[in-house]
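Listing of start_27.txt; format and content: compact mmCIF, C-alpha atoms.
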```
# COMPACT_ATOMS: atom_id res chain seq x y z
CA MET V 1 -0.33 -22.40 10.90
CA VAL V 2 2.54 -24.82 10.38
CA PHE V 3 6.19 -24.58 9.50
CA SER V 4 7.82 -25.57 6.23
CA GLY V 5 11.50 -26.35 5.86
CA SER V 6 11.75 -28.36 9.05
CA VAL V 7 15.43 -29.17 8.59
CA GLU V 8 17.47 -26.65 10.56
CA ILE V 9 21.13 -25.97 9.96
CA LEU V 10 22.81 -26.09 13.34
CA PHE V 11 26.06 -24.34 14.08
CA ASN V 12 28.27 -24.63 17.15
CA ILE V 13 26.34 -24.00 20.31
CA GLN V 14 27.71 -20.85 21.90
CA TYR V 15 26.81 -19.71 25.35
CA LEU V 16 26.65 -15.96 25.09
CA THR V 17 26.81 -13.67 28.07
CA ASN V 18 25.09 -10.40 27.22
CA PRO V 19 23.56 -7.90 29.70
CA PHE V 20 20.61 -7.40 27.40
CA TYR V 21 19.84 -11.01 26.42
CA LYS V 22 19.11 -13.43 29.24
CA PHE V 23 19.02 -16.64 27.23
CA THR V 24 21.37 -19.16 25.67
CA MET V 25 21.23 -19.25 21.87
CA THR V 26 21.61 -22.15 19.47
CA GLN V 27 22.51 -20.68 16.09
CA SER V 28 19.94 -22.04 13.64
CA LEU V 29 17.64 -20.92 10.87
CA ILE V 30 14.13 -19.84 11.79
CA PRO V 31 11.58 -22.33 10.41
CA VAL V 32 9.48 -20.66 7.69
CA PRO V 33 5.76 -20.26 8.50
CA SER V 34 3.34 -21.50 5.85
CA GLY V 35 -0.32 -20.92 5.12
CA VAL V 36 -2.09 -17.57 5.10
CA PHE V 37 -0.13 -14.34 5.31
CA GLN V 38 -1.48 -13.17 8.64
CA VAL V 39 0.24 -11.70 11.69
CA LEU V 40 -1.01 -13.09 15.00
CA GLU V 41 -0.96 -11.63 18.50
CA THR V 42 1.97 -13.84 19.46
CA PRO V 43 4.88 -14.97 17.29
CA ILE V 44 4.79 -18.28 15.44
CA THR V 45 7.73 -20.17 16.89
CA SER V 46 8.71 -23.60 18.09
CA ASP V 47 11.39 -22.14 20.36
CA GLU V 48 10.11 -21.00 23.76
CA SER V 49 13.16 -18.75 24.20
CA PHE V 50 11.77 -16.51 21.44
CA ASN V 51 8.40 -15.86 23.05
CA SER V 52 9.27 -12.89 25.25
CA PRO V 53 7.96 -9.60 23.81
CA LEU V 54 10.22 -6.83 22.51
CA LYS V 55 9.61 -3.23 21.50
CA LEU V 56 10.79 -3.54 17.87
CA SER V 57 11.22 -6.30 15.32
CA LEU V 58 12.92 -5.07 12.16
CA VAL V 59 12.79 -7.30 9.07
CA LEU V 60 15.46 -7.15 6.37
CA PRO V 61 14.25 -8.96 3.23
CA THR V 62 17.24 -10.03 1.16
CA TYR V 63 18.18 -11.54 -2.18
CA LYS V 64 21.80 -11.53 -3.31
CA GLU V 65 22.95 -9.03 -0.68
CA ALA V 66 26.17 -10.81 0.37
CA ASP V 67 28.17 -7.61 -0.20
CA ASN V 68 25.95 -5.57 2.13
CA ILE V 69 24.65 -7.88 4.85
CA GLN V 70 27.51 -7.49 7.34
CA SER V 71 27.55 -3.69 7.05
CA ILE V 72 23.80 -3.25 7.47
CA VAL V 73 23.65 -5.60 10.49
CA GLU V 74 26.57 -3.83 12.15
CA ILE V 75 25.14 -0.34 11.53
CA LEU V 76 21.63 -1.23 12.68
CA SER V 77 22.87 -3.05 15.77
CA ASN V 78 25.07 -0.16 16.86
CA LEU V 79 22.26 2.31 16.30
CA LEU V 80 19.55 0.34 18.10
CA ASP V 81 21.88 -0.70 20.96
CA GLN V 82 22.16 3.00 21.75
CA THR V 83 18.46 3.74 21.27
CA ILE V 84 16.57 0.73 22.67
CA PRO V 85 19.19 -1.69 24.06
CA GLY V 86 17.84 -5.19 24.58
CA GLU V 87 14.41 -4.28 23.23
CA TYR V 88 14.79 -5.16 19.56
CA GLU V 89 15.57 -7.93 17.11
CA LEU V 90 16.74 -7.99 13.51
CA ILE V 91 15.23 -10.66 11.26
CA VAL V 92 16.89 -11.39 7.92
CA VAL V 93 14.52 -13.18 5.54
CA ASP V 94 16.47 -14.42 2.54
CA ASP V 95 14.98 -15.97 -0.60
CA ASN V 96 17.67 -18.62 -0.96
CA SER V 97 20.22 -16.25 -2.51
CA PRO V 98 22.74 -17.94 -4.82
CA ASP V 99 25.46 -15.83 -3.15
CA HIS V 100 24.50 -17.43 0.20
CA THR V 101 23.40 -14.20 1.88
CA TRP V 102 21.48 -16.28 4.42
CA LYS V 103 24.59 -18.24 5.40
CA LEU V 104 26.67 -15.10 5.86
CA ALA V 105 23.91 -13.60 8.00
CA LEU V 106 23.71 -16.76 10.09
CA GLU V 107 27.45 -16.60 10.76
CA LEU V 108 26.96 -13.09 12.15
CA THR V 109 24.58 -14.28 14.88
CA SER V 110 27.46 -15.26 17.16
CA ASP V 111 28.47 -11.59 17.29
CA TYR V 112 24.95 -10.20 17.14
CA PRO V 113 22.64 -12.30 19.37
CA GLN V 114 19.69 -10.07 18.48
CA LEU V 115 19.96 -11.25 14.85
CA ARG V 116 17.75 -14.07 13.54
CA VAL V 117 17.80 -15.57 10.04
CA MET V 118 15.15 -17.22 7.87
CA ARG V 119 15.91 -18.94 4.58
CA ARG V 120 12.95 -19.34 2.19
CA ILE V 121 13.23 -21.93 -0.57
CA GLU V 122 9.69 -22.43 -1.84
CA GLU V 123 8.43 -18.82 -1.70
CA LYS V 124 9.81 -15.72 -3.38
CA GLY V 125 9.11 -12.00 -3.25
CA LEU V 126 9.95 -9.06 -1.03
CA SER V 127 6.45 -8.39 0.31
CA THR V 128 5.77 -11.98 1.35
CA ALA V 129 9.25 -12.17 2.89
CA VAL V 130 8.39 -9.22 5.11
CA ILE V 131 5.16 -10.83 6.29
CA ARG V 132 6.85 -14.16 7.02
CA GLY V 133 9.37 -12.25 9.09
CA TRP V 134 6.65 -10.41 10.98
CA GLN V 135 4.87 -13.70 11.70
CA VAL V 136 7.81 -14.95 13.79
CA ALA V 137 8.62 -11.52 15.22
CA ARG V 138 8.23 -10.65 18.91
CA GLY V 139 8.00 -6.88 18.58
CA GLU V 140 5.09 -4.68 19.57
CA ILE V 141 6.27 -2.56 16.63
CA LEU V 142 7.05 -4.26 13.32
CA GLY V 143 9.34 -2.65 10.76
CA VAL V 144 11.05 -3.19 7.43
CA ILE V 145 14.19 -1.72 5.88
CA ASP V 146 16.14 -2.61 2.74
CA ALA V 147 19.43 -4.42 3.30
CA ASP V 148 21.21 -2.61 0.46
CA LEU V 149 21.99 0.55 2.50
CA GLN V 150 19.83 2.72 0.23
CA HIS V 151 17.62 3.45 3.23
CA PRO V 152 19.61 5.58 5.72
CA PRO V 153 19.46 3.66 9.04
CA GLU V 154 19.62 6.84 11.16
CA VAL V 155 16.02 7.65 10.18
CA LEU V 156 14.95 4.68 12.31
CA THR V 157 15.22 6.81 15.44
CA GLN V 158 12.76 9.36 14.02
CA LEU V 159 10.33 6.61 13.07
CA LEU V 160 10.59 5.12 16.56
CA GLN V 161 9.90 8.50 18.13
CA GLU V 162 6.74 8.86 16.04
CA MET V 163 5.58 5.39 17.05
CA GLU V 164 6.22 6.19 20.71
CA LYS V 165 4.03 9.27 20.31
CA GLY V 166 1.16 6.98 19.33
CA ALA V 167 1.31 6.63 15.54
CA ASP V 168 -0.08 3.41 14.09
CA LEU V 169 2.19 3.69 11.05
CA ALA V 170 5.41 5.67 10.59
CA LEU V 171 7.07 5.77 7.19
CA ALA V 172 10.23 7.23 5.77
CA SER V 173 9.29 9.43 2.82
CA ARG V 174 11.21 10.96 -0.07
CA HIS V 175 8.46 13.52 -0.62
CA VAL V 176 8.34 15.48 2.65
CA GLU V 177 10.72 18.02 4.16
CA GLY V 178 14.20 16.53 4.41
CA GLY V 179 13.44 13.89 1.78
CA GLY V 180 14.59 13.35 -1.78
CA VAL V 181 16.51 11.12 -4.16
CA SER V 182 20.19 11.29 -4.92
CA GLU V 183 21.08 10.57 -8.54
CA TRP V 184 17.90 9.30 -10.14
CA SER V 185 17.45 9.79 -13.87
CA ILE V 186 14.57 11.87 -15.20
CA ILE V 187 12.87 8.69 -16.43
CA ARG V 188 13.01 7.03 -13.02
CA ARG V 189 11.72 10.19 -11.33
CA PHE V 190 8.88 10.34 -13.83
CA LEU V 191 7.99 6.67 -13.29
CA SER V 192 8.00 7.09 -9.51
CA ARG V 193 5.71 10.12 -9.59
CA GLY V 194 3.58 8.54 -12.30
CA ALA V 195 3.08 5.45 -10.15
CA GLN V 196 1.92 7.67 -7.30
CA MET V 197 -0.54 9.53 -9.52
CA LEU V 198 -1.89 6.24 -10.87
CA GLY V 199 -2.35 5.07 -7.31
CA LEU V 200 -4.36 8.21 -6.52
CA LEU V 201 -6.68 7.43 -9.42
CA ILE V 202 -7.17 3.75 -8.62
CA LEU V 203 -7.00 3.74 -4.80
CA PRO V 204 -7.41 7.36 -3.68
CA GLU V 205 -8.66 6.71 -0.16
CA VAL V 206 -5.41 4.88 0.67
CA ILE V 207 -2.78 6.57 -1.51
CA SER V 208 -3.89 10.09 -0.52
CA ARG V 209 -2.85 9.34 3.08
CA LEU V 210 0.73 8.55 2.08
CA SER V 211 3.16 11.09 0.64
CA ASP V 212 5.38 8.21 -0.54
CA PRO V 213 3.25 5.09 -1.15
CA MET V 214 6.19 3.39 -2.89
CA SER V 215 8.30 3.53 0.29
CA GLY V 216 9.70 0.24 1.55
CA TYR V 217 10.96 1.74 4.82
CA PHE V 218 8.41 1.96 7.62
CA MET V 219 7.11 0.72 10.97
CA VAL V 220 3.61 -0.40 11.89
CA ARG V 221 2.04 -1.18 15.24
CA ARG V 222 1.48 -4.91 15.57
CA SER V 223 -2.01 -4.40 16.98
CA ALA V 224 -2.98 -2.55 13.78
CA ILE V 225 -2.55 -5.62 11.58
CA ILE V 226 -3.25 -8.54 13.94
CA GLY V 227 -5.61 -11.00 12.29
CA ARG V 228 -5.74 -9.13 8.99
CA SER V 229 -5.26 -11.36 5.95
CA LEU V 230 -2.59 -9.75 3.80
CA SER V 231 -2.22 -10.45 0.10
CA PRO V 232 0.58 -8.29 -1.32
CA VAL V 233 1.92 -8.46 -4.86
CA GLY V 234 5.53 -7.73 -5.74
CA TYR V 235 7.70 -5.31 -3.83
CA LYS V 236 5.31 -2.78 -2.30
CA ILE V 237 4.06 -3.93 1.10
CA LEU V 238 3.24 -0.45 2.50
CA ILE V 239 0.06 -0.01 0.44
CA GLU V 240 -1.22 -3.41 1.57
CA VAL V 241 -0.66 -2.53 5.24
CA ALA V 242 -2.24 0.92 4.90
CA ALA V 243 -5.26 -0.48 3.05
CA ARG V 244 -6.02 -3.50 5.21
CA GLY V 245 -4.71 -2.44 8.62
CA ARG V 246 -6.47 -0.51 11.35
CA ILE V 247 -4.45 2.61 10.63
CA ARG V 248 -5.70 5.84 12.20
CA TRP V 249 -2.56 7.90 12.75
CA ILE V 250 0.14 8.01 10.07
CA ALA V 251 3.43 9.83 10.72
CA GLU V 252 6.20 10.53 8.23
CA ALA V 253 9.90 11.39 8.36
CA GLY V 254 11.94 12.62 5.42
CA TYR V 255 14.87 10.66 4.03
CA VAL V 256 17.14 10.87 1.00
CA PHE V 257 17.20 7.66 -1.05
CA ARG V 258 20.82 6.66 -1.55
CA GLU V 259 22.42 5.06 -4.57
CA ARG V 260 23.43 1.42 -4.21
CA GLN V 261 27.13 0.98 -3.42
CA ALA V 262 27.32 -2.81 -3.77
CA GLY V 263 25.22 -5.60 -5.25
CA GLU V 264 22.72 -5.23 -8.07
CA SER V 265 19.43 -3.34 -8.32
CA LYS V 266 16.19 -5.37 -8.25
CA VAL V 267 14.09 -2.66 -9.94
CA THR V 268 12.67 -3.75 -13.31
CA TRP V 269 9.55 -3.11 -15.36
CA LYS V 270 8.05 -6.19 -13.71
CA GLN V 271 7.83 -4.31 -10.41
CA TYR V 272 5.75 -1.54 -11.99
CA ILE V 273 3.37 -4.09 -13.55
CA GLU V 274 3.00 -5.86 -10.19
CA TYR V 275 2.33 -2.49 -8.56
CA ILE V 276 -0.60 -1.87 -10.92
CA GLN V 277 -1.90 -5.41 -10.32
CA HIS V 278 -1.70 -4.82 -6.59
CA LEU V 279 -3.63 -1.55 -6.82
CA LEU V 280 -6.39 -3.17 -8.88
CA ARG V 281 -6.63 -6.15 -6.54
CA LEU V 282 -6.96 -3.87 -3.53
CA ARG V 283 -9.49 -1.72 -5.36
CA LEU V 284 -11.74 -4.73 -5.96
CA SER V 285 -11.23 -6.36 -2.58
CA ILE V 286 -11.68 -3.42 -0.20
CA SER V 287 -14.24 -1.34 -2.04
CA ALA V 288 -17.64 -2.87 -2.59
CA ARG V 289 -18.76 0.77 -2.65
CA PHE V 290 -16.80 1.43 -5.83
CA ILE V 291 -18.35 -1.60 -7.56
CA GLN V 292 -21.80 -0.36 -6.51
CA PHE V 293 -20.94 3.07 -7.91
CA CYS V 294 -19.97 1.49 -11.26
CA LEU V 295 -23.20 -0.55 -11.40
CA VAL V 296 -25.24 2.58 -10.75
CA GLY V 297 -23.28 4.28 -13.52
CA LEU V 298 -24.31 1.52 -15.93
CA SER V 299 -27.96 2.12 -15.05
CA GLY V 300 -27.36 5.79 -15.84
CA VAL V 301 -26.14 4.84 -19.31
CA VAL V 302 -29.41 2.98 -19.92
CA VAL V 303 -31.44 5.98 -18.71
CA ASP V 304 -29.39 8.37 -20.84
CA MET V 305 -29.71 6.28 -24.01
CA GLY V 306 -33.41 5.59 -23.43
CA PHE V 307 -34.42 9.20 -22.93
CA LEU V 308 -32.17 10.39 -25.75
CA TYR V 309 -34.08 8.07 -28.09
CA LEU V 310 -37.46 9.06 -26.63
CA LEU V 311 -36.78 12.80 -26.89
CA SER V 312 -34.86 13.04 -30.19
CA ASP V 313 -36.16 10.29 -32.45
CA PRO V 314 -38.43 11.60 -35.23
CA ASN V 315 -40.89 8.80 -34.47
CA THR V 316 -41.31 9.97 -30.86
CA LEU V 317 -41.01 13.59 -29.61
CA GLY V 318 -38.54 14.71 -32.26
CA LEU V 319 -36.76 17.38 -30.16
CA PRO V 320 -33.41 18.83 -31.30
CA LEU V 321 -30.47 16.53 -30.54
CA THR V 322 -28.54 18.93 -28.30
CA ARG V 323 -31.57 19.77 -26.19
CA SER V 324 -32.49 16.09 -25.98
CA LYS V 325 -28.97 15.17 -24.89
CA ILE V 326 -28.91 17.81 -22.14
CA ILE V 327 -32.24 16.60 -20.75
CA ALA V 328 -31.28 12.92 -21.05
CA ALA V 329 -27.92 13.53 -19.35
CA GLU V 330 -29.53 15.41 -16.46
CA LEU V 331 -32.13 12.66 -15.98
CA ALA V 332 -29.31 10.11 -15.95
CA ILE V 333 -27.43 12.17 -13.35
CA ILE V 334 -30.57 12.34 -11.18
CA ASN V 335 -31.04 8.58 -11.58
CA ASN V 336 -27.45 7.95 -10.55
CA PHE V 337 -27.73 10.31 -7.62
CA LEU V 338 -30.88 8.68 -6.24
CA TRP V 339 -29.43 5.17 -6.46
CA ASN V 340 -26.08 6.22 -5.00
CA ASP V 341 -27.82 8.12 -2.22
CA LEU V 342 -30.00 5.13 -1.40
CA TRP V 343 -27.55 2.26 -2.00
CA THR V 344 -23.89 3.09 -2.65
CA PHE V 345 -23.59 5.76 0.05
CA GLY V 346 -26.75 4.85 1.95
CA ASP V 347 -24.93 4.47 5.26
CA ILE V 348 -23.66 8.04 4.99
CA SER V 349 -26.96 9.47 3.69
CA ARG V 350 -28.75 8.17 6.76
CA ARG V 351 -26.45 10.32 8.88
CA GLN V 352 -27.35 13.36 6.74
CA PRO V 353 -31.17 13.36 6.92
CA GLY V 354 -33.46 16.08 5.62
CA LYS V 355 -34.42 17.54 2.25
CA ARG V 356 -31.92 20.38 2.55
CA GLN V 357 -29.00 17.96 2.98
CA ARG V 358 -30.18 15.82 0.08
CA LEU V 359 -30.50 18.86 -2.17
CA LYS V 360 -26.93 19.90 -1.28
CA ARG V 361 -25.68 16.45 -2.17
CA LEU V 362 -27.56 16.54 -5.48
CA ILE V 363 -26.06 19.93 -6.42
CA LYS V 364 -22.53 18.75 -5.58
CA PHE V 365 -23.10 15.54 -7.53
CA ASN V 366 -24.24 17.54 -10.56
CA ILE V 367 -21.22 19.82 -10.46
CA ILE V 368 -18.77 16.93 -10.13
CA CYS V 369 -20.44 15.00 -12.96
CA LEU V 370 -20.34 18.11 -15.17
CA ALA V 371 -16.61 18.43 -14.51
CA GLY V 372 -16.34 14.72 -15.27
CA LEU V 373 -18.06 15.27 -18.62
CA ILE V 374 -15.53 17.97 -19.52
CA LEU V 375 -12.68 15.63 -18.50
CA ASN V 376 -14.24 12.85 -20.55
CA VAL V 377 -14.09 14.97 -23.69
CA LEU V 378 -10.53 16.08 -22.85
CA PHE V 379 -9.23 12.53 -22.27
CA LEU V 380 -11.01 11.28 -25.38
CA ASN V 381 -9.25 13.88 -27.53
CA ILE V 382 -5.87 13.24 -25.92
CA PHE V 383 -6.05 9.48 -26.43
CA TYR V 384 -7.46 9.76 -29.95
CA ASN V 385 -5.56 12.73 -31.36
CA LEU V 386 -2.22 12.55 -29.52
CA PHE V 387 -1.76 8.81 -29.04
CA ASN V 388 -3.72 7.65 -32.13
CA ILE V 389 -5.77 5.17 -30.09
CA ASN V 390 -8.93 3.79 -31.69
CA GLN V 391 -11.83 6.16 -30.92
CA TYR V 392 -13.90 3.52 -29.15
CA ILE V 393 -11.00 2.26 -27.06
CA ALA V 394 -10.08 5.89 -26.34
CA ASN V 395 -13.65 6.57 -25.21
CA PHE V 396 -13.60 3.46 -22.99
CA LEU V 397 -10.34 4.60 -21.33
CA ALA V 398 -11.72 8.10 -20.86
CA ILE V 399 -14.90 6.74 -19.25
CA GLY V 400 -12.81 4.60 -16.90
CA LEU V 401 -10.72 7.54 -15.73
CA VAL V 402 -13.76 9.77 -15.32
CA THR V 403 -15.53 7.06 -13.31
CA LEU V 404 -12.61 7.08 -10.88
CA TRP V 405 -12.77 10.89 -10.82
CA ASN V 406 -16.50 10.90 -10.09
CA PHE V 407 -16.23 8.26 -7.38
CA TRP V 408 -13.33 9.93 -5.61
CA PHE V 409 -14.76 13.46 -5.55
CA ASN V 410 -18.30 12.37 -4.76
CA SER V 411 -17.12 10.20 -1.89
CA LYS V 412 -15.13 13.14 -0.50
CA LEU V 413 -17.58 15.98 -1.25
CA SER V 414 -21.12 14.87 -2.05
CA TRP V 415 -21.36 12.21 0.67
CA ARG V 416 -18.93 13.61 3.18
CA VAL V 417 -20.31 13.67 6.71
CA THR V 418 -20.14 17.32 7.74
CA GLU V 419 -23.28 19.15 8.76
CA VAL V 420 -26.08 16.97 10.09
CA ASP V 421 -29.59 18.14 10.81
CA LYS V 422 -30.65 17.39 14.34
```
Here is a file; write its structure as structure tokens.
Amino acid sequence: MVFSGSVEILFNIQYLTNPFYKFTMTQSLIPVPSGVFQVLETPITSDESFNSPLKLSLVLPTYKEADNIQSIVEILSNLLDQTIPGEYELIVVDDNSPDHTWKLALELTSDYPQLRVMRRIEEKGLSTAVIRGWQVARGEILGVIDADLQHPPEVLTQLLQEMEKGADLALASRHVEGGGVSEWSIIRRFLSRGAQMLGLLILPEVISRLSDPMSGYFMVRRSAIIGRSLSPVGYKILIEVAARGRIRWIAEAGYVFRERQAGESKVTWKQYIEYIQHLLRLRLSISARFIQFCLVGLSGVVVDMGFLYLLSDPNTLGLPLTRSKIIAAELAIINNFLWNDLWTFGDISRRQPGKRQRLKRLIKFNIICLAGLILNVLFLNIFYNLFNINQYIANFLAIGLVTLWNFWFNSKLSWRVTEVDK
């Protein structure tokens, strides 16, 4: 790991006497780490005075936040000085804002010695800014909060309490008791909830653990993400951390999302597209099991089509079409079950030995696939009749959604480790 942007902007050297900080500070920009987005056990720094560990490192990713930076630094500093004096640092990571947010933040370091500033020129994006900040951070707990004052700073104390209880991840949520949004339009509320539902379909094993997967306000234990290669897209870093980190215990605290008082909103349609891209990338990268499930499903299509021809074609057995389809579908389901039991979920099946356990899994698999068939017909009709989508494209979309349905429920019900024969 090396640093980019080696030229540092030096300000007057001030010798600060502070009961909580036992070092002399030279006010300068933090060099920007380069290379892979990976948090190490110790901070990446060329300054030995920034090697001593702290309890909390809180990153504030910024872009054009000149109107808010002084207020957020002052509020956070006052709050954390009362809560964990001398055991925290604030790290502003600015993407070379044209309003010189980074410069204004740097000028504040003389009054707030716990504040550090990084200016990124070559890289852009909120999620990568957070990781670059964490890479140079000294905290045992790493956190992120928006600099626009839409995240109420007082919730930090609740998140810290949860981390001190042993949580690996503590997030501020709009969707638990005490949470909400202030003046969002119906469209924005719909998009937010829709994004969460889409996440449940694409990445259920991660999104189902988070009441507010779109939250950008959280803390994570450093040890939970040490050495993990992170590859976020866009603005939503929480999903990346939850998916790739060693996260066992997740705690949540409610907060009300505030309206921006100064500066301009960064929310555009691009962020929603990047969110979908991120979900799909995670789906492919962390779930070989899902790909195996899809491949088995393709073999089931071959079995279904083959037996349908064999049973119904006048040149073969010539059975009625409906009866042939029912038999062919059931044989395809059995084919899929056997391959999934042996290959896709083989590691779980081996912990559920015995004919009785296998029969239970087969029955559950049948029921879920039957429900999936009903959903398939429902989605097909919705796409075709309501949205006037081509019938073949509509069928393809319906199959895709039902595949996600089948994988999710089978992974949670058919191959769930519960009762094991001794």
Do a neighbour search on Leu404 of chain V at 10 Å with all atoms listed in the file, toss out local chain neighbours closer than 4 positions, and write the hits as a list in words.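 The residues that qualify are Leu200, Leu201, Ile202, Leu203, Pro204, Phe290, Phe293, Cys294, Gly372, Ile399, Gly400, Trp408, Phe409 and Asn410 of chain V.
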If I wrap all listed atoms of segment 316-335 of chain V in a box with edges along x, y and z and add 4 Å on each side, what are its centre and edge lengths in Å to one decimal, as AutoDock Vina command-line options?
```
--center_x -34.4 --center_y 14.2 --center_z -21.7 --size_x 21.9 --size_y 19.2 --size_z 29.1
```
Residues within 12 Å of Asn78 of chain V, all atoms listed in the file, excluding chain neighbours under 3 positions, as a list in words: Ser71, Ile72, Val73, Glu74, Ile75, Asp81, Gln82, Thr83, Ile84, Pro85, Gly86, Tyr88, Leu90, Asp111, Tyr112, Gln114, Pro153 and Glu154 of chain V
Would you work out the distance separating atom CA of Asp212 of chain V from atom CA of Trp134 of chain V, expressed in Å to one decimal?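 Straight-line distance from atom CA of Asp212 of chain V to atom CA of Trp134 of chain V works out to 21.9 Å.
Shortest separation to Arg138 of chain V among V:Ala329, V:Val39, V:Leu279, V:Leu198 occurs at residue V:Val39, atoms counted being all atoms listed in the file.
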Pick from V:Ile276, V:Val155, V:Ile69, V:Leu342, whichever lies nearest to Gly194 of chain V using only C-alpha atoms: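 Once distances to Gly194 of chain V are computed over only C-alpha atoms, the minimum belongs to V:Ile276.
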Length of the atom CA of Val36 of chain V to atom CA of Tyr63 of chain V vector [Å]: 22.4 Å
Please determine, counting all atoms listed in the file, which residue among V:Thr403, V:Pro213, V:Ile326, V:Gly254 has the shortest atom-to-atom distance to Leu298 of chain V.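 Among V:Thr403, V:Pro213, V:Ile326, V:Gly254, it is V:Thr403 that comes nearest to Leu298 of chain V.
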For atom CA of Asp67 of chain V and atom CA of Pro33 of chain V, quote the distance in Å rounded to one decimal.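 Atom CA of Pro33 of chain V lies at a distance of 27.2 Å from atom CA of Asp67 of chain V.
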